[in-house]
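Below: one structure, written as structure tokens.
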Amino acid sequence: MTTIRNIVLVHGGFVDGSGWQGVYDDLTRDGFDVRIVQNPTLSLEGDVAATHQVLDSLDGPAVLVGHSYGGVVISEAGTHPNVVALAYIAAFAADKGESVSTLIADPPPGAPVPPIQPPVNGFLFLDRDKFHEAFAADLPARTAAFMADAQVPWGVDALGGAVTEPAWRHKRSWYLVATEDRMIPPPAQRVMAERAGASVVEVIGSHAVYVSQPAAVADLIRQAAA
């Protein structure tokens, strides 16, 4: 059995790729070649193009990993010929015609509502005062405050970008459910994972599980790479 050595990590909305550092460190210590996509988060098309640019630069097959909105990106970008497996980390595993906008339009009764503020000039932010509880409840307050103050403006067009042909219909996928997530309800994560036919691991963690529990995330990625 040959282990895939190339790993490409795609961040979600409101954050940049630096949150992957713990996962990056864990995997590179094991000899994996890890690349991180810095999504412009202006449009889904632009983020798919940025992901393809990284995939084009690789010399072999890769596991494509997405967190949160990054799941929509990898669902669309994962049809790239270099991608052999997908890993969703508390992410939107979107189907054809779906976007983040459609997937969050009808939340389950009683589910926490993400504190997304009204758009300003076409961009979205999370309420800074509610960021810690909603996005990163299992991280230290100072770390969450830094993340809140370092938010990446998330374009409304990216939120509404719809998948045309989901890669998980053609390639194997894995899914890490964050059981304490207050941004994407865990029941919704389980439904998307089951629909995608993904191999599922559940971890007690917040939406920022990739930051708070990098070892568990890296372990799931290793499974996909094997």
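A note on labels: chains of the structure tokens are A, B, ... as shown, every chain counts residues from 1, and ligands are counted from 1 in their shown order.
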Contacts of stretch 26-39 of chain A within 7 Å, only C-alpha atoms, excl. fewer than 5 positions in-chain, as a PyMOL selection string: chain A and resi 5-10+16-17+47+50-51+54+215+218
Got time to write the residues from that selection, C-alpha atoms, as a PDB file, in the first residue's frame?
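Contents of selection-v8.pdb, as written:
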```pdb
ATOM      1  CA  ARG A   5       2.736  12.169   0.577  1.00  0.00           C
ATOM      2  CA  ASN A   6       1.176  15.427  -0.705  1.00  0.00           C
ATOM      3  CA  ILE A   7      -1.349  17.167   1.542  1.00  0.00           C
ATOM      4  CA  VAL A   8      -3.116  20.419   0.596  1.00  0.00           C
ATOM      5  CA  LEU A   9      -4.950  22.328   3.351  1.00  0.00           C
ATOM      6  CA  VAL A  10      -7.729  24.821   2.582  1.00  0.00           C
ATOM      7  CA  ASP A  16      -6.528  32.494   6.995  1.00  0.00           C
ATOM      8  CA  GLY A  17      -4.245  29.525   6.503  1.00  0.00           C
ATOM      9  CA  ASP A  47     -10.735  30.144  -4.231  1.00  0.00           C
ATOM     10  CA  ALA A  50      -6.093  29.379  -5.906  1.00  0.00           C
ATOM     11  CA  THR A  51      -6.445  25.726  -4.866  1.00  0.00           C
ATOM     12  CA  VAL A  54      -1.272  24.766  -5.595  1.00  0.00           C
ATOM     13  CA  ALA A 215      -3.087  15.790  16.331  1.00  0.00           C
ATOM     14  CA  ALA A 218      -3.609  15.077  11.391  1.00  0.00           C
TER      15      ALA A 218
END
```
Who sits within 12 Å of A:Arg172, only C-alpha atoms, same chain under 2 positions skipped, as an MDAnalysis selection string: chainID A and resid 63:64 75 78:79 83:88 166:170 174:175 193 196:200 223:226
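Contact shell of stretch 134-145 of chain A at 8 Å (only C-alpha atoms; same-chain neighbours under 4 positions omitted): Pro114, Pro115, Arg128, Lys130, Asp149, Asp181, Arg182, Met183, Gly205, Ser206, His207, Ala208, Val209 and Ser212 of chain A.
Straight-line separation from atom CA of A:Trp20 to atom CA of A:Leu220: 14.1 Å.
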Every residue of stretch 2-158 of chain A that DSSP places in strand (DSSP E or B), as a ChimeraX atom specification: /A:6-10,33-37,62-67,83-89,116,120,123-124,126,154-155
Which of stretch 35-202 of chain A DSSP labels helix (DSSP H, G or I), written as a PyMOL selection string: chain A and resi 44-56+70-77+100-103+128-135+141-149+156-159+167-169+186-195
Who sits within 12 Å of A:Ala111, only C-alpha atoms, same chain under 2 positions skipped, as a PyMOL selection string: chain A and resi 104+106-109+113-114+134+180-188
For A:Ala162, find every residue with an atom within 7 Å (counting only C-alpha atoms), except residues of its own chain fewer than 2 positions away, and show them as a compact mmCIF listing (two decimals) with C-alpha atoms, in the first residue's frame.
```txt
# COMPACT_ATOMS: atom_id res chain seq x y z
CA GLY A 97 -26.05 23.46 -6.63
CA GLU A 98 -25.38 23.97 -2.92
CA SER A 99 -23.46 26.82 -1.31
CA GLY A 160 -23.16 32.20 -2.30
CA THR A 164 -21.17 22.43 -9.96
```
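Residues in contact with A:Pro81 at 10 Å, where only C-alpha atoms are counted and same-chain residues fewer than 3 positions away are skipped, are listed as His52, Leu55, Asp56, Gly60, Pro61, Ala62, Ala77, Gly78 and Val84 of chain A.
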Between atom CA of A:Phe125 and atom CA of A:Val156 - distance in Å to one decimal: 10.3 Å
